[in-house]
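Peer 1: Just one file: target-v4.tsv, with TSV, C-alpha atoms.
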```
chain	number	residue	atom	x	y	z
A	119	MET	CA	2.23	-76.93	24.85
A	120	PHE	CA	-1.26	-77.27	23.43
A	121	THR	CA	-3.95	-74.93	22.19
A	122	ALA	CA	-7.64	-75.76	22.34
A	123	LEU	CA	-11.03	-74.10	22.14
A	124	ALA	CA	-12.37	-72.98	25.49
A	125	GLY	CA	-15.37	-75.30	25.22
A	126	THR	CA	-13.23	-78.42	24.86
A	127	PRO	CA	-14.05	-80.98	27.59
A	128	LEU	CA	-11.20	-81.64	30.00
A	129	GLU	CA	-11.78	-85.35	29.50
A	130	ASP	CA	-10.79	-84.97	25.83
A	131	ILE	CA	-7.73	-82.89	26.78
A	132	ASN	CA	-6.57	-85.44	29.34
A	133	GLN	CA	-6.97	-88.33	26.91
A	134	ALA	CA	-5.06	-86.55	24.12
A	135	LEU	CA	-2.21	-85.59	26.45
A	136	SER	CA	-2.03	-89.09	27.93
A	137	GLU	CA	-1.52	-90.57	24.45
A	138	HIS	CA	1.64	-88.47	24.21
A	139	GLY	CA	2.87	-89.13	27.76
A	140	GLN	CA	1.92	-85.62	28.94
A	141	PHE	CA	-0.46	-84.23	31.55
A	142	LEU	CA	-1.80	-81.03	33.08
A	143	PRO	CA	0.11	-80.89	36.38
A	144	PHE	CA	-2.44	-78.64	38.13
A	145	ASP	CA	-4.72	-81.68	38.05
A	146	PRO	CA	-8.00	-80.01	36.95
A	147	PRO	CA	-11.09	-81.32	38.77
A	148	LEU	CA	-14.43	-82.51	37.46
A	149	ALA	CA	-13.19	-83.78	34.09
A	150	ASN	CA	-15.46	-86.82	34.38
A	151	ALA	CA	-18.40	-84.54	35.15
A	152	GLY	CA	-18.03	-82.65	31.86
A	153	ALA	CA	-15.91	-79.67	32.95
A	154	THR	CA	-14.44	-77.65	30.08
A	155	LEU	CA	-11.10	-75.93	29.66
A	156	GLY	CA	-12.67	-72.46	29.67
A	157	GLY	CA	-14.85	-73.19	32.68
A	158	THR	CA	-11.81	-74.37	34.63
A	159	VAL	CA	-10.00	-71.12	33.85
A	160	ALA	CA	-13.02	-68.96	34.67
A	161	ALA	CA	-13.52	-70.71	38.02
A	162	GLY	CA	-9.78	-70.71	38.77
A	163	LEU	CA	-10.13	-74.33	39.77
A	164	SER	CA	-7.10	-76.57	40.35
A	165	GLY	CA	-6.87	-80.08	41.76
A	166	PRO	CA	-4.63	-81.76	44.35
A	167	GLY	CA	-1.63	-81.60	42.01
A	168	GLN	CA	-1.46	-77.83	42.51
A	169	PHE	CA	0.49	-78.50	45.72
A	170	ARG	CA	3.68	-79.37	43.87
A	171	TYR	CA	3.28	-77.65	40.53
A	172	GLY	CA	1.07	-74.63	41.13
A	173	GLY	CA	-2.44	-73.86	39.94
A	174	VAL	CA	-4.11	-73.18	36.63
A	175	ARG	CA	-2.66	-69.64	36.46
A	176	ASP	CA	0.86	-71.09	36.44
A	177	PHE	CA	0.20	-73.09	33.25
A	178	ILE	CA	-1.95	-70.83	31.10
A	179	ILE	CA	0.28	-68.90	28.68
A	180	GLY	CA	-2.08	-67.61	26.01
A	181	ALA	CA	-5.72	-66.74	25.52
A	182	LYS	CA	-8.01	-65.33	22.83
A	183	PHE	CA	-11.24	-63.67	23.87
A	184	ILE	CA	-14.07	-61.42	22.77
A	185	ASP	CA	-14.56	-58.17	24.69
A	186	GLY	CA	-17.79	-56.31	25.41
A	187	SER	CA	-17.68	-54.46	22.09
A	188	GLY	CA	-17.39	-57.71	20.13
A	189	LYS	CA	-13.70	-57.33	19.28
A	190	LYS	CA	-11.45	-60.36	19.16
A	191	LEU	CA	-8.39	-59.83	21.35
A	192	LYS	CA	-5.51	-61.97	22.55
A	193	GLY	CA	-2.86	-62.04	25.22
A	194	GLY	CA	0.22	-64.14	25.80
A	195	GLY	CA	1.33	-66.57	23.12
A	196	LYS	CA	1.56	-70.19	22.02
A	197	VAL	CA	5.07	-70.70	23.38
A	198	VAL	CA	6.51	-69.38	26.64
A	199	LYS	CA	9.20	-67.17	25.05
A	200	ASN	CA	6.58	-65.40	22.91
A	201	ALA	CA	4.12	-64.79	25.77
A	202	ALA	CA	4.69	-61.03	25.76
A	203	GLY	CA	2.46	-58.00	26.34
A	204	PHE	CA	-0.31	-57.63	28.89
A	205	ASP	CA	-0.84	-60.84	30.84
A	206	PHE	CA	-4.53	-61.13	29.99
A	207	PRO	CA	-4.56	-64.93	30.38
A	208	LYS	CA	-3.90	-64.77	34.12
A	209	LEU	CA	-6.54	-62.05	34.57
A	210	PHE	CA	-9.11	-64.51	33.26
A	211	VAL	CA	-8.26	-67.11	35.89
A	212	GLY	CA	-11.06	-66.91	38.45
A	213	SER	CA	-12.83	-64.09	36.59
A	214	LEU	CA	-16.08	-66.09	36.35
A	215	GLY	CA	-16.48	-65.08	32.71
A	216	ARG	CA	-16.98	-61.41	33.55
A	217	LEU	CA	-14.05	-59.82	31.72
A	218	GLY	CA	-14.71	-61.29	28.29
A	219	ILE	CA	-15.66	-64.45	26.45
A	220	LEU	CA	-12.77	-66.90	26.19
A	221	TYR	CA	-12.70	-68.89	22.96
A	222	GLU	CA	-9.15	-70.26	22.66
A	223	ILE	CA	-6.56	-71.07	25.34
A	224	THR	CA	-2.94	-72.23	25.31
A	225	PHE	CA	-1.35	-74.20	28.14
A	226	LYS	CA	2.08	-75.59	28.86
A	227	VAL	CA	2.20	-79.23	29.96
A	228	PHE	CA	4.68	-81.61	31.63
A	229	PRO	CA	5.67	-85.24	31.05
A	230	ALA	CA	3.46	-87.56	33.10
A	231	PRO	CA	5.13	-89.64	35.86
A	232	GLN	CA	5.59	-93.35	35.27
A	233	ALA	CA	3.58	-94.32	38.35
A	234	TYR	CA	2.02	-93.03	41.56
A	235	LEU	CA	1.98	-94.31	45.12
A	236	THR	CA	-0.26	-92.94	47.87
A	237	LEU	CA	0.37	-93.12	51.61
A	238	SER	CA	-2.66	-92.85	53.91
A	239	PHE	CA	-1.96	-91.90	57.53
A	240	ASP	CA	-4.56	-91.93	60.30
A	241	LEU	CA	-3.42	-89.21	62.70
A	242	GLY	CA	-6.57	-89.08	64.82
A	243	ASN	CA	-7.42	-85.37	64.69
A	244	ILE	CA	-7.25	-82.39	62.38
A	245	GLN	CA	-4.42	-80.62	64.18
A	246	SER	CA	-2.09	-83.63	64.10
A	247	ALA	CA	-2.85	-84.16	60.41
A	248	LEU	CA	-2.25	-80.47	59.72
A	249	ASN	CA	1.05	-80.47	61.62
A	250	ALA	CA	2.28	-83.46	59.63
A	251	ALA	CA	1.09	-81.90	56.36
A	252	CYS	CA	2.94	-78.65	57.06
A	253	ALA	CA	6.11	-80.52	58.05
A	254	LEU	CA	5.98	-82.56	54.83
A	255	ALA	CA	5.29	-79.42	52.80
A	256	GLY	CA	8.54	-77.96	54.08
A	257	SER	CA	10.54	-81.16	53.58
A	258	HIS	CA	12.67	-82.26	50.61
A	259	PHE	CA	10.30	-85.08	49.58
A	260	GLU	CA	8.25	-82.98	47.12
A	261	PRO	CA	4.99	-84.96	47.18
A	262	PHE	CA	2.64	-84.47	44.25
A	263	ALA	CA	-0.27	-83.85	46.61
A	264	ILE	CA	-1.01	-83.52	50.34
A	265	ASP	CA	-4.68	-83.61	51.31
A	266	ILE	CA	-6.34	-83.70	54.74
A	267	ILE	CA	-9.67	-85.43	55.32
A	268	PRO	CA	-11.25	-84.76	58.74
A	269	PRO	CA	-11.13	-85.88	61.41
A	270	GLY	CA	-7.48	-86.79	60.89
A	271	ARG	CA	-6.64	-88.67	57.69
A	272	LEU	CA	-3.66	-87.53	55.65
A	273	GLU	CA	-3.24	-88.56	52.01
A	274	ILE	CA	0.24	-88.17	50.49
A	275	ARG	CA	0.72	-88.77	46.76
A	276	ILE	CA	4.17	-89.60	45.38
A	277	GLY	CA	4.99	-89.74	41.69
A	278	GLY	CA	7.93	-91.11	39.70
A	279	ASN	CA	9.21	-94.54	38.76
A	280	HIS	CA	8.16	-97.56	40.84
A	281	GLN	CA	11.48	-98.07	42.60
A	282	ALA	CA	11.88	-94.42	43.56
A	283	ASN	CA	8.28	-94.27	44.80
A	284	GLU	CA	8.83	-97.21	47.16
A	285	ARG	CA	12.04	-95.72	48.51
A	286	THR	CA	10.44	-92.31	49.05
A	287	ALA	CA	7.40	-93.91	50.73
A	288	GLY	CA	9.66	-95.55	53.33
A	289	LEU	CA	11.42	-92.26	54.03
A	290	VAL	CA	8.11	-90.42	54.41
A	291	GLU	CA	6.90	-93.01	56.92
A	292	GLU	CA	10.10	-92.50	58.91
A	293	PHE	CA	9.56	-88.75	58.74
A	294	VAL	CA	5.95	-88.95	60.00
A	295	LYS	CA	6.98	-91.63	62.53
A	296	LEU	CA	3.94	-93.75	61.71
A	297	PRO	CA	3.24	-96.65	59.36
A	298	ALA	CA	0.94	-95.87	56.45
A	299	SER	CA	-1.50	-97.75	54.29
A	300	ARG	CA	0.03	-97.90	50.79
A	301	LYS	CA	-1.96	-97.88	47.58
A	302	ILE	CA	-0.88	-98.22	43.94
A	303	GLY	CA	-2.59	-98.77	40.61
A	304	GLU	CA	-6.38	-98.52	40.33
A	305	MET	CA	-6.92	-98.32	44.09
A	306	GLU	CA	-4.47	-95.43	44.31
A	307	SER	CA	-6.06	-93.63	41.36
A	308	ALA	CA	-9.52	-94.05	42.92
A	309	ILE	CA	-8.46	-92.13	46.04
A	310	TRP	CA	-7.61	-89.04	44.01
A	311	SER	CA	-10.57	-89.34	41.67
A	312	HIS	CA	-12.78	-89.34	44.76
A	313	LEU	CA	-11.13	-86.18	46.07
A	314	ARG	CA	-10.50	-84.37	42.77
A	315	ASP	CA	-14.02	-84.83	41.44
A	316	PHE	CA	-15.67	-84.14	44.81
A	317	GLN	CA	-17.41	-87.51	44.92
A	318	TRP	CA	-17.46	-87.10	48.71
A	319	ALA	CA	-19.60	-83.96	48.39
A	320	THR	CA	-23.27	-84.94	48.25
A	321	ALA	CA	-25.07	-81.78	49.42
A	322	ASP	CA	-26.55	-79.03	47.25
A	323	THR	CA	-23.64	-76.60	47.36
A	324	LEU	CA	-19.88	-76.96	47.14
A	325	ILE	CA	-17.67	-74.04	48.20
A	326	LYS	CA	-13.97	-73.46	47.61
A	327	VAL	CA	-12.22	-71.37	50.26
A	328	ALA	CA	-8.76	-69.81	50.01
A	329	ILE	CA	-7.10	-70.28	53.39
A	330	ILE	CA	-3.73	-70.63	55.12
A	331	PRO	CA	-2.78	-73.63	57.28
A	332	SER	CA	-2.74	-71.61	60.52
A	333	LEU	CA	-6.49	-70.94	60.14
A	334	VAL	CA	-7.55	-74.48	59.23
A	335	GLY	CA	-8.02	-75.59	62.84
A	336	ASP	CA	-10.33	-72.66	63.65
A	337	LEU	CA	-12.33	-73.07	60.45
A	338	ASP	CA	-12.68	-76.80	60.89
A	339	LEU	CA	-14.01	-76.37	64.43
A	340	VAL	CA	-16.86	-74.08	63.40
A	341	LEU	CA	-17.65	-76.14	60.31
A	342	GLU	CA	-17.88	-79.25	62.45
A	343	GLN	CA	-20.28	-77.45	64.79
A	344	ILE	CA	-22.69	-76.66	61.95
A	345	GLY	CA	-22.36	-80.16	60.46
A	346	ALA	CA	-20.68	-79.19	57.18
A	347	THR	CA	-18.63	-81.83	55.37
A	348	ARG	CA	-15.17	-80.55	54.43
A	349	HIS	CA	-11.79	-81.50	53.05
A	350	TYR	CA	-8.50	-79.60	52.84
A	351	SER	CA	-6.19	-79.71	49.86
A	352	ALA	CA	-2.70	-78.39	48.99
A	353	ALA	CA	-1.43	-79.05	52.55
A	354	GLY	CA	-4.13	-76.87	54.08
A	355	ASN	CA	-4.07	-73.96	51.62
A	356	VAL	CA	-7.45	-74.71	50.03
A	357	ALA	CA	-10.64	-75.79	51.80
A	358	TYR	CA	-13.69	-77.36	50.18
A	359	VAL	CA	-16.98	-77.19	52.07
A	360	ASP	CA	-20.09	-79.21	51.22
A	361	THR	CA	-23.36	-77.82	52.57
A	362	ASP	CA	-27.08	-77.64	51.90
A	363	ARG	CA	-28.52	-74.41	50.53
A	364	GLU	CA	-29.97	-73.67	53.98
A	365	GLY	CA	-26.44	-73.65	55.42
A	366	LEU	CA	-25.12	-70.98	53.05
A	367	PRO	CA	-25.88	-67.97	55.29
A	368	ALA	CA	-23.97	-69.58	58.16
A	369	ILE	CA	-21.00	-70.37	55.88
A	370	ASP	CA	-21.02	-66.83	54.50
A	371	ASP	CA	-21.05	-65.41	58.02
A	372	ILE	CA	-18.21	-67.69	59.17
A	373	LEU	CA	-16.03	-66.73	56.20
A	374	THR	CA	-16.75	-63.04	56.67
A	375	ARG	CA	-15.84	-63.12	60.35
A	376	MET	CA	-12.62	-65.01	59.60
A	377	LYS	CA	-11.82	-62.65	56.68
A	378	LEU	CA	-11.78	-65.54	54.22
A	379	SER	CA	-13.12	-65.61	50.66
A	380	GLY	CA	-15.22	-68.41	49.21
A	381	LEU	CA	-16.54	-69.36	45.79
A	382	ALA	CA	-19.55	-71.61	45.24
A	383	LEU	CA	-18.59	-74.16	42.59
A	384	ARG	CA	-22.08	-75.58	42.23
A	385	GLY	CA	-25.54	-74.82	43.50
A	386	ASP	CA	-28.39	-72.46	42.59
A	387	ILE	CA	-26.90	-69.26	44.02
A	388	ALA	CA	-27.45	-65.68	42.83
A	389	ASN	CA	-23.94	-64.59	43.85
A	390	PRO	CA	-21.36	-67.40	43.94
A	391	ARG	CA	-18.88	-65.33	45.93
A	392	LEU	CA	-19.06	-65.69	49.69
A	393	GLY	CA	-17.29	-64.21	52.69
A	394	CYS	CA	-14.74	-61.40	52.54
A	395	LYS	CA	-14.42	-59.44	49.28
A	396	ALA	CA	-11.17	-57.67	50.08
A	397	ALA	CA	-10.15	-57.09	46.46
A	398	ALA	CA	-13.51	-55.74	45.27
A	399	GLU	CA	-12.19	-52.26	44.48
A	400	ALA	CA	-9.27	-53.56	42.42
A	401	GLU	CA	-11.52	-56.00	40.59
A	402	THR	CA	-13.98	-53.23	39.71
A	403	THR	CA	-11.13	-51.14	38.31
A	404	ILE	CA	-9.90	-54.05	36.18
A	405	GLN	CA	-13.37	-54.80	34.87
A	406	SER	CA	-13.98	-51.14	34.02
A	407	ALA	CA	-10.80	-51.14	31.94
A	408	MET	CA	-11.53	-54.43	30.19
A	409	ASP	CA	-15.29	-54.04	29.71
A	410	ARG	CA	-15.76	-50.35	28.94
A	411	GLU	CA	-19.28	-50.84	27.63
A	412	GLY	CA	-20.46	-52.73	30.71
A	413	LYS	CA	-21.69	-55.77	28.79
A	414	PHE	CA	-20.74	-58.32	31.44
A	415	LEU	CA	-22.04	-58.78	34.97
A	416	PRO	CA	-20.07	-56.92	37.66
A	417	LEU	CA	-17.46	-58.88	39.60
```
In structure tokens, write the structure found in this file.
Peer 2:
Amino acid sequence: MFTALAGTPLEDINQALSEHGQFLPFDPPLANAGATLGGTVAAGLSGPGQFRYGGVRDFIIGAKFIDGSGKKLKGGGKVVKNAAGFDFPKLFVGSLGRLGILYEITFKVFPAPQAYLTLSFDLGNIQSALNAACALAGSHFEPFAIDIIPPGRLEIRIGGNHQANERTAGLVEEFVKLPASRKIGEMESAIWSHLRDFQWATADTLIKVAIIPSLVGDLDLVLEQIGATRHYSAAGNVAYVDTDREGLPAIDDILTRMKLSGLALRGDIANPRLGCKAAAEAETTIQSAMDREGKFLPL
């Protein structure tokens, strides 16, 4: 476990944990870009590692915050067995800072693996890559991450000791029935830094979309038609879309028609939430209860 101020840079957190052989398994993105612990919670943003371990909401166990009346409140605890009462910490995940001002957060952490190995498969098209990703997701291999890069590249990350990684890599290749390009060390780490920190996204706006694998093919087709760069994480359960500001209305319309919800992670946008807002009524009720004086912007 660790407790830190919400404004602490993720880079500092990662370095401190690494010195003790620990890590944040949900693999928070944008650490090298200056992302903070509180910002990560507010955006509900998790990296490729969420496939195996779960997202930020699965690791936050305590939070202290200031409500709209200026009162200091807390929820959860500093150890799992004492995390009782209302589960305020999880409410703050993805709240965009509109339920209160976070100032201290407690997370549980895991021991870091000894080494990683990444398998890169070229499957030719998005559907073949998606089929392989879903099959691996339901297998006993338990990869750390499964990401899909259109048109058909599949990245599989394995973690553990060196010998076990090599053995698992061979079994995964047999499972997929294709040879893979293997990477270890700095070259392996660079693959996931590129994906985790969205180095591939060069347009004005980056959007996170909650999705299910069965809808990835349809979404990818329309995104390809409008020329949007995209990448799918967590075996097709999260989509990231890179687009210019001019493309936002089209993305918003696509998500609305497909009944999907999106969140703009960067870009000069008045309302960062795009597409379907199915939970708007419930969110309004929660905010009314937490911010009785209406000091924060509506969700």
Peer 1: Please report as a Markdown table every residue of region 291-330 of chain A lying within 7 Å of region 373-392 of chain A, along with the nearest atom pair and their distance in Å (one decimal), using all atoms listed in the file.
Peer 2:
```
| residue | atom | partner | partner_atom | distance |
| --- | --- | --- | --- | --- |
| A:Asp322 | CA | A:Gly385 | CA | 5.7 |
| A:Thr323 | CA | A:Gly385 | CA | 4.7 |
| A:Leu324 | CA | A:Leu383 | CA | 5.5 |
| A:Ile325 | CA | A:Ala382 | CA | 4.3 |
| A:Lys326 | CA | A:Leu381 | CA | 5.2 |
| A:Val327 | CA | A:Gly380 | CA | 4.3 |
| A:Ala328 | CA | A:Ser379 | CA | 6.1 |
| A:Ile329 | CA | A:Leu378 | CA | 6.7 |
```
Peer 1: As an exercise, work out the distance from CA of Pro143 (chain A) to CA of Val174 (chain A) in Å and give it to one decimal place.
Peer 2: 8.8 Å
Peer 1: Just the residues within 9 Å of region 348-364 of chain A, please, counting all atoms listed in the file, with nothing from its chain fewer than 4 positions along; format it as a PyMOL selection string.
Peer 2: chain A and resi 165-170+248+251-252+254-255+263-268+313+316+318-334+338+341-342+368-369+385-387
Peer 1: Closest to Ser187 (chain A) among A:Glu291, A:Asp336, A:Glu411, A:Asp130, using all atoms listed in the file?
Peer 2: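 Closest to Ser187 (chain A) of all the choices is A:Glu411.
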Peer 1: Give the answer as one residue: which of A:Ala398, A:Ala233, A:Leu148, A:Leu155 has the shortest atom-to-atom distance to Ile131 (chain A), using all atoms listed in the file?
Peer 2: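 Ranked by minimum distance to Ile131 (chain A), first place goes to A:Leu155.
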Peer 1: Could you pull the residues within 6 Å of Ser164 (chain A), counting only C-alpha atoms, minus those fewer than 2 positions along the same chain, as a ChimeraX atom specification?
Peer 2: /A:144,146,173-174
Peer 1: In Å, with one decimal, what is the gap from CA of Val159 (chain A) to CA of Leu209 (chain A)?
Peer 2: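 Calculated distance between CA of Val159 (chain A) and CA of Leu209 (chain A) is 9.7 Å.
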Peer 1: Please return as a ChimeraX atom specification every residue within 6 Å of (9.1, -86.9, 50.9), taking into account only C-alpha atoms and the file's own coordinates.
Peer 2: /A:258-261,286,290
Peer 1: Find the residues near Gly278 (chain A): any atom within 10 Å, counting all atoms listed in the file, skip ones fewer than 4 places away on the same chain, and give them as number ranges by chain.
Peer 2: A: 230-235, 262, 282-284, 286
Peer 1: Counting only C-alpha atoms, which residue out of A:Met119, A:Thr236, A:Gly277, A:Ile244 sits closest to Lys301 (chain A)?
Peer 2: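 Ranked by minimum distance to Lys301 (chain A), first place goes to A:Thr236.
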Peer 1: Given only C-alpha atoms as the basis, pick out the residue of A:Ala250, A:His312, A:Leu415, A:Leu237 nearest to Ile276 (chain A).
Peer 2: A:Leu237
Peer 1: Rank nothing, just name the residue among A:Gly256, A:Gly139, A:Gly172, A:Pro229 nearest to Phe293 (chain A), using all atoms listed in the file.
Peer 2: A:Gly256
Peer 1: Report the distance between CA of Leu214 (chain A) and CA of Phe177 (chain A) in Å, rounded to one decimal place.
Peer 2: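 Separation of CA of Leu214 (chain A) and CA of Phe177 (chain A): 18.0 Å.
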Peer 1: Given all atoms listed in the file as the basis, pick out the residue of A:Gly212, A:Arg275, A:Ser246, A:Ala134 nearest to Glu306 (chain A).
Peer 2: A:Arg275
Peer 1: Residues near Leu220 (chain A), anyone? I mean within 8 Å using all atoms listed in the file, not counting same-chain ones fewer than 2 positions away, as an mmCIF file with C-alpha atoms, keeping the file's coordinate frame.
Peer 2:
```
data_model
loop_
_atom_site.group_PDB
_atom_site.id
_atom_site.type_symbol
_atom_site.label_atom_id
_atom_site.label_comp_id
_atom_site.auth_asym_id
_atom_site.auth_seq_id
_atom_site.Cartn_x
_atom_site.Cartn_y
_atom_site.Cartn_z
ATOM 1 C CA ALA A 124 -12.370 -72.980 25.490
ATOM 2 C CA GLY A 156 -12.670 -72.460 29.670
ATOM 3 C CA ALA A 181 -5.720 -66.740 25.520
ATOM 4 C CA LYS A 182 -8.010 -65.330 22.830
ATOM 5 C CA PHE A 183 -11.240 -63.670 23.870
ATOM 6 C CA ILE A 184 -14.070 -61.420 22.770
ATOM 7 C CA GLY A 215 -16.480 -65.080 32.710
ATOM 8 C CA GLY A 218 -14.710 -61.290 28.290
ATOM 9 C CA GLU A 222 -9.150 -70.260 22.660
ATOM 10 C CA ILE A 223 -6.560 -71.070 25.340
#
```
